file data.cif (mmCIF, C-alpha atoms)
data_start
#
loop_
_atom_site.label_atom_id
_atom_site.label_comp_id
_atom_site.auth_asym_id
_atom_site.auth_seq_id
_atom_site.Cartn_x
_atom_site.Cartn_y
_atom_site.Cartn_z
CA MET C 1 0.00 0.00 0.00
CA GLU C 2 1.08 3.50 -0.77
CA TYR C 3 -0.70 6.68 0.20
CA ARG C 4 -0.27 10.40 0.33
CA ARG C 5 -2.05 13.03 2.41
CA PHE C 6 -3.16 16.32 0.84
CA LYS C 7 -4.44 18.53 3.69
CA ASP C 8 -7.86 17.01 4.48
CA LYS C 9 -7.71 14.19 1.90
CA VAL C 10 -5.77 10.94 1.84
CA VAL C 11 -5.35 9.12 -1.48
CA ALA C 12 -4.23 5.48 -1.32
CA ARG C 13 -3.45 2.58 -3.61
CA LEU C 14 -3.75 -0.98 -2.34
CA ASP C 15 -1.90 -3.78 -4.09
CA PRO C 16 -2.69 -7.48 -4.63
CA GLY C 17 -3.01 -9.43 -1.39
CA GLU C 18 -3.74 -6.41 0.79
CA GLU C 19 -6.91 -6.35 2.88
CA VAL C 20 -9.06 -3.21 2.63
CA LEU C 21 -10.16 -2.76 6.25
CA ASP C 22 -6.66 -3.44 7.64
CA SER C 23 -5.23 -0.89 5.20
CA ILE C 24 -7.78 1.81 6.09
CA ARG C 25 -7.26 1.15 9.80
CA LYS C 26 -3.47 1.54 9.34
CA ILE C 27 -3.86 4.84 7.48
CA ALA C 28 -6.32 6.19 10.07
CA SER C 29 -3.92 5.28 12.89
CA GLU C 30 -0.78 6.63 11.20
CA GLU C 31 -2.51 9.87 10.17
CA ASP C 32 -4.42 10.21 13.49
CA ILE C 33 -7.76 10.48 11.66
CA GLN C 34 -10.52 10.83 14.24
CA THR C 35 -13.42 11.18 11.80
CA GLY C 36 -13.57 10.66 8.05
CA MET C 37 -15.42 9.44 4.99
CA ILE C 38 -14.13 6.62 2.78
CA ASN C 39 -14.70 6.08 -0.96
CA GLY C 40 -13.10 3.47 -3.16
CA LEU C 41 -13.12 1.10 -6.11
CA GLY C 42 -11.00 -1.75 -7.37
CA ALA C 43 -10.96 -5.51 -7.90
CA THR C 44 -11.16 -8.56 -5.65
CA MET C 45 -11.90 -12.25 -5.69
CA ASP C 46 -12.08 -12.82 -1.93
CA TYR C 47 -14.54 -10.81 0.11
CA ASP C 48 -17.11 -11.15 2.85
CA VAL C 49 -20.09 -8.88 3.37
CA SER C 50 -23.07 -9.22 5.67
CA VAL C 51 -26.61 -8.05 6.22
CA TYR C 52 -28.03 -7.21 9.66
CA ASP C 53 -31.31 -8.76 10.78
CA LEU C 54 -32.84 -6.18 13.09
CA ASN C 55 -35.29 -8.63 14.68
CA GLU C 56 -32.58 -11.14 15.53
CA LYS C 57 -29.94 -8.46 16.19
CA LYS C 58 -27.50 -10.55 14.20
CA TYR C 59 -25.36 -10.23 11.06
CA TYR C 60 -25.63 -12.83 8.30
CA PRO C 61 -22.37 -13.15 6.33
CA VAL C 62 -21.98 -13.88 2.62
CA HIS C 63 -18.64 -15.02 1.19
CA CYS C 64 -17.65 -14.45 -2.43
CA ASP C 65 -14.60 -15.99 -4.11
CA VAL C 66 -15.09 -15.05 -7.73
CA GLN C 67 -13.28 -12.35 -9.74
CA SER C 68 -15.27 -9.16 -9.10
CA GLU C 69 -15.10 -5.43 -9.72
CA ILE C 70 -15.68 -3.31 -6.64
CA THR C 71 -18.44 -1.05 -7.92
CA SER C 72 -18.95 0.81 -4.64
CA LEU C 73 -16.95 1.01 -1.44
CA PHE C 74 -17.85 3.68 1.09
CA GLY C 75 -18.02 4.24 4.81
CA THR C 76 -16.99 6.18 7.88
CA ILE C 77 -14.04 6.38 10.21
CA THR C 78 -14.80 7.22 13.83
CA ARG C 79 -13.35 6.21 17.20
CA LYS C 80 -14.63 3.84 19.87
CA ASP C 81 -12.79 3.71 23.19
CA GLY C 82 -9.93 5.61 21.53
CA GLU C 83 -9.48 3.00 18.78
CA VAL C 84 -10.20 3.38 15.05
CA TYR C 85 -13.75 2.20 14.29
CA LEU C 86 -14.72 1.53 10.68
CA HIS C 87 -18.24 1.21 9.28
CA VAL C 88 -17.83 0.27 5.62
CA HIS C 89 -20.20 -1.08 2.98
CA MET C 90 -19.18 -2.56 -0.36
CA GLN C 91 -20.77 -3.87 -3.52
CA ALA C 92 -18.96 -5.90 -6.16
CA MET C 93 -20.08 -7.39 -9.48
CA ASP C 94 -18.83 -10.49 -11.29
CA LYS C 95 -18.44 -10.92 -15.07
CA ASN C 96 -22.02 -12.25 -15.33
CA GLY C 97 -23.47 -9.07 -13.84
CA LYS C 98 -24.28 -10.58 -10.44
CA ALA C 99 -23.76 -8.02 -7.71
CA ILE C 100 -23.37 -8.74 -4.01
CA GLY C 101 -23.10 -6.09 -1.36
CA GLY C 102 -23.52 -5.25 2.29
CA HIS C 103 -21.62 -4.46 5.46
CA LEU C 104 -17.95 -5.19 4.68
CA LEU C 105 -16.25 -7.82 6.83
CA LYS C 106 -13.19 -8.54 4.67
CA CYS C 107 -11.93 -7.75 1.18
CA VAL C 108 -8.59 -8.94 -0.21
CA ILE C 109 -7.46 -7.05 -3.30
CA ASN C 110 -6.37 -9.07 -6.33
CA ALA C 111 -5.49 -6.28 -8.81
CA THR C 112 -5.65 -2.83 -7.25
CA CYS C 113 -7.86 -0.65 -5.08
CA GLU C 114 -8.01 3.14 -5.07
CA LEU C 115 -9.21 4.83 -1.90
CA VAL C 116 -9.91 8.42 -0.98
CA ILE C 117 -10.43 9.38 2.65
CA ASP C 118 -11.98 12.77 3.39
CA VAL C 119 -10.71 13.82 6.82
CA ILE C 120 -13.34 15.63 8.89
CA ASP C 121 -12.16 18.16 11.47
CA GLY C 122 -13.47 16.89 14.80
CA SER C 123 -14.21 13.68 16.60
CA VAL C 124 -17.25 11.42 16.65
CA GLY C 125 -17.44 8.45 18.99
CA ARG C 126 -19.47 5.23 19.06
CA LYS C 127 -21.93 3.62 21.47
CA VAL C 128 -24.13 0.54 21.43
CA ASP C 129 -27.81 1.31 20.81
CA GLU C 130 -29.75 -1.06 23.06
CA ALA C 131 -32.89 -0.89 20.88
CA THR C 132 -31.17 -2.10 17.69
CA GLY C 133 -28.03 -3.77 19.01
CA LEU C 134 -25.96 -1.69 16.58
CA THR C 135 -22.90 0.38 17.38
CA VAL C 136 -24.05 3.86 16.37
CA MET C 137 -22.42 7.29 16.24
CA ALA C 138 -22.26 9.13 19.57
CA PHE C 139 -22.11 12.91 19.54
#
call {"tool": "encode", "arguments": {"input": "data.cif", "output": "structure tokens"}}
result
Amino acid sequence: MEYRRFKDKVVARLDPGEEVLDSIRKIASEEDIQTGMINGLGATMDYDVSVYDLNEKKYYPVHCDVQSEITSLFGTITRKDGEVYLHVHMQAMDKNGKAIGGHLLKCVINATCELVIDVIDGSVGRKVDEATGLTVMAF
């Protein structure tokens, strides 16, 4: 991974074998990003996303191991208990036009990934919402 910071923006390139969430977490730690927005695209053939069932208060994972284009990757960087907290969603499409997306659990890059992080001046925390079971933003 290589990246460069331009004032309130970080532009990064991930290489084959690198994992997206680990890479974002590393950048956020090294650059001391407290709050930010993530956007990206690229290619993968090993990723896990999930969907949250509100009634069961449980995530259901989906694994994909087919060559796919990342058509949308976006999310937020905040902090929980002083540590980087990522909330990222991703959608990817295979060569047959089948798209799978959801809450990102893991994504290993197989060609390249381009990320842009918009750094927001300030800090937003996280707390568990008892009604939904989700870890939501805390202001």
call {"tool": "resolve_selection", "arguments": {"input": "data.cif", "expression": "the PyMOL selection byres ((chain C and resi 10-19) around 12)", "output": "ChimeraX atom specification"}}
result
/C:1-9,20-28,30-33,36-48,104-120
call {"tool": "closest_residue", "arguments": {"input": "data.cif", "among": "C:Phe139, C:Asp121, C:Val49, C:Thr132", "to": "Ala92 of chain C", "atoms": "all atoms listed in the file"}}
result
C:Val49
call {"tool": "resolve_selection", "arguments": {"input": "data.cif", "expression": "the PyMOL selection byres ((chain C and resi 83) around 12)", "output": "mmCIF file with C-alpha atoms, in the coordinates of the input"}}
result
data_model
loop_
_atom_site.group_PDB
_atom_site.id
_atom_site.type_symbol
_atom_site.label_atom_id
_atom_site.label_comp_id
_atom_site.auth_asym_id
_atom_site.auth_seq_id
_atom_site.Cartn_x
_atom_site.Cartn_y
_atom_site.Cartn_z
ATOM 1 C CA ARG C 25 -7.260 1.150 9.800
ATOM 2 C CA LYS C 26 -3.470 1.540 9.340
ATOM 3 C CA ALA C 28 -6.320 6.190 10.070
ATOM 4 C CA SER C 29 -3.920 5.280 12.890
ATOM 5 C CA ASP C 32 -4.420 10.210 13.490
ATOM 6 C CA ILE C 33 -7.760 10.480 11.660
ATOM 7 C CA GLN C 34 -10.520 10.830 14.240
ATOM 8 C CA THR C 35 -13.420 11.180 11.800
ATOM 9 C CA ILE C 77 -14.040 6.380 10.210
ATOM 10 C CA THR C 78 -14.800 7.220 13.830
ATOM 11 C CA ARG C 79 -13.350 6.210 17.200
ATOM 12 C CA LYS C 80 -14.630 3.840 19.870
ATOM 13 C CA ASP C 81 -12.790 3.710 23.190
ATOM 14 C CA GLY C 82 -9.930 5.610 21.530
ATOM 15 C CA VAL C 84 -10.200 3.380 15.050
ATOM 16 C CA TYR C 85 -13.750 2.200 14.290
ATOM 17 C CA LEU C 86 -14.720 1.530 10.680
ATOM 18 C CA SER C 123 -14.210 13.680 16.600
ATOM 19 C CA VAL C 124 -17.250 11.420 16.650
ATOM 20 C CA GLY C 125 -17.440 8.450 18.990
ATOM 21 C CA ARG C 126 -19.470 5.230 19.060
#
call {"tool": "resolve_selection", "arguments": {"input": "data.cif", "expression": "the PyMOL selection byres ((chain C and resi 100) around 12)", "output": "JSON, numbers by chain"}}
result
{"C": [47, 48, 49, 50, 51, 61, 62, 63, 64, 65, 66, 68, 69, 70, 71, 72, 73, 89, 90, 91, 92, 93, 94, 96, 97, 98, 99, 101, 102, 103, 104]}
call {"tool": "atom_distance", "arguments": {"input": "data.cif", "atom1": "atom CA of Lys127 of chain C", "atom2": "atom CA of Thr76 of chain C"}}
result
14.7 Å
call {"tool": "atom_distance", "arguments": {"input": "data.cif", "atom1": "atom CA of Phe74 of chain C", "atom2": "atom CA of Val88 of chain C"}}
result
5.7 Å
call {"tool": "atom_distance", "arguments": {"input": "data.cif", "atom1": "atom CA of Glu56 of chain C", "atom2": "atom CA of Ala131 of chain C"}}
result
11.6 Å
call {"tool": "closest_residue", "arguments": {"input": "data.cif", "among": "C:Lys95, C:Asp53, C:His87, C:Leu134", "to": "Gln67 of chain C", "atoms": "all atoms listed in the file"}}
result
C:Lys95
call {"tool": "decode", "arguments": {"input": "data.cif", "residues": "segment 81-117 of chain C", "atoms": "N, CA and C atoms", "output": "compact mmCIF listing (two decimals), in the first residue's frame"}}
result
# COMPACT_ATOMS: atom_id res chain seq x y z
N ASP C 81 -13.75 3.97 22.11
CA ASP C 81 -12.79 3.71 23.19
C ASP C 81 -11.37 4.06 22.76
N GLY C 82 -11.24 5.13 21.97
CA GLY C 82 -9.93 5.61 21.53
C GLY C 82 -9.35 4.88 20.33
N GLU C 83 -9.98 3.79 19.91
CA GLU C 83 -9.48 3.00 18.78
C GLU C 83 -10.24 3.33 17.49
N VAL C 84 -9.57 3.17 16.35
CA VAL C 84 -10.20 3.38 15.05
C VAL C 84 -11.39 2.43 14.92
N TYR C 85 -12.54 2.99 14.52
CA TYR C 85 -13.75 2.20 14.29
C TYR C 85 -14.21 2.46 12.87
N LEU C 86 -14.31 1.40 12.07
CA LEU C 86 -14.72 1.53 10.68
C LEU C 86 -16.12 0.97 10.48
N HIS C 87 -16.91 1.69 9.71
CA HIS C 87 -18.24 1.21 9.28
C HIS C 87 -18.24 1.37 7.76
N VAL C 88 -18.04 0.24 7.07
CA VAL C 88 -17.83 0.27 5.62
C VAL C 88 -18.80 -0.69 4.93
N HIS C 89 -19.36 -0.24 3.84
CA HIS C 89 -20.20 -1.08 2.98
C HIS C 89 -19.53 -1.20 1.62
N MET C 90 -19.78 -2.33 0.94
CA MET C 90 -19.18 -2.56 -0.36
C MET C 90 -20.14 -3.35 -1.24
N GLN C 91 -20.07 -3.06 -2.52
CA GLN C 91 -20.77 -3.87 -3.52
C GLN C 91 -19.77 -4.22 -4.60
N ALA C 92 -19.83 -5.46 -5.07
CA ALA C 92 -18.96 -5.90 -6.16
C ALA C 92 -19.78 -6.73 -7.14
N MET C 93 -19.35 -6.70 -8.42
CA MET C 93 -20.08 -7.39 -9.48
C MET C 93 -19.15 -8.32 -10.24
N ASP C 94 -19.64 -9.54 -10.53
CA ASP C 94 -18.83 -10.49 -11.29
C ASP C 94 -19.06 -10.30 -12.79
N LYS C 95 -18.37 -11.09 -13.62
CA LYS C 95 -18.44 -10.92 -15.07
C LYS C 95 -19.81 -11.27 -15.66
N ASN C 96 -20.66 -11.93 -14.88
CA ASN C 96 -22.02 -12.25 -15.33
C ASN C 96 -23.04 -11.20 -14.91
N GLY C 97 -22.58 -10.15 -14.25
CA GLY C 97 -23.47 -9.07 -13.84
C GLY C 97 -24.11 -9.28 -12.49
N LYS C 98 -23.73 -10.33 -11.77
CA LYS C 98 -24.28 -10.58 -10.44
C LYS C 98 -23.55 -9.69 -9.44
N ALA C 99 -24.33 -8.92 -8.71
CA ALA C 99 -23.76 -8.02 -7.71
C ALA C 99 -24.13 -8.49 -6.32
N ILE C 100 -23.16 -8.40 -5.42
CA ILE C 100 -23.37 -8.74 -4.01
C ILE C 100 -22.82 -7.57 -3.20
N GLY C 101 -23.56 -7.18 -2.18
CA GLY C 101 -23.10 -6.09 -1.36
C GLY C 101 -23.64 -6.16 0.04
N GLY C 102 -23.08 -5.34 0.90
CA GLY C 102 -23.52 -5.25 2.29
C GLY C 102 -22.45 -4.66 3.16
N HIS C 103 -22.58 -4.93 4.45
CA HIS C 103 -21.62 -4.46 5.46
C HIS C 103 -20.31 -5.24 5.25
N LEU C 104 -19.22 -4.54 5.02
CA LEU C 104 -17.95 -5.19 4.68
C LEU C 104 -17.30 -5.81 5.91
N LEU C 105 -16.96 -7.09 5.78
CA LEU C 105 -16.25 -7.82 6.83
C LEU C 105 -14.79 -8.04 6.46
N LYS C 106 -14.55 -8.28 5.16
CA LYS C 106 -13.19 -8.54 4.67
C LYS C 106 -13.18 -8.38 3.16
N CYS C 107 -12.09 -7.83 2.63
CA CYS C 107 -11.93 -7.75 1.18
C CYS C 107 -10.44 -7.75 0.86
N VAL C 108 -9.99 -8.82 0.21
CA VAL C 108 -8.59 -8.94 -0.21
C VAL C 108 -8.50 -8.52 -1.67
N ILE C 109 -7.62 -7.59 -1.94
CA ILE C 109 -7.46 -7.05 -3.30
C ILE C 109 -6.67 -8.03 -4.16
N ASN C 110 -7.12 -8.19 -5.42
CA ASN C 110 -6.37 -9.07 -6.33
C ASN C 110 -5.74 -8.31 -7.50
N ALA C 111 -6.10 -7.08 -7.74
CA ALA C 111 -5.49 -6.28 -8.81
C ALA C 111 -5.01 -4.96 -8.21
N THR C 112 -5.96 -4.09 -7.90
CA THR C 112 -5.65 -2.83 -7.25
C THR C 112 -6.91 -2.29 -6.59
N CYS C 113 -6.74 -1.36 -5.70
CA CYS C 113 -7.86 -0.65 -5.08
C CYS C 113 -7.41 0.79 -4.88
N GLU C 114 -8.28 1.71 -5.26
CA GLU C 114 -8.01 3.14 -5.07
C GLU C 114 -8.97 3.66 -4.02
N LEU C 115 -8.42 4.29 -3.00
CA LEU C 115 -9.21 4.83 -1.90
C LEU C 115 -8.98 6.32 -1.75
N VAL C 116 -10.03 7.02 -1.37
CA VAL C 116 -9.91 8.42 -0.98
C VAL C 116 -10.59 8.56 0.37
N ILE C 117 -9.87 9.12 1.32
CA ILE C 117 -10.43 9.38 2.65
C ILE C 117 -10.54 10.89 2.81
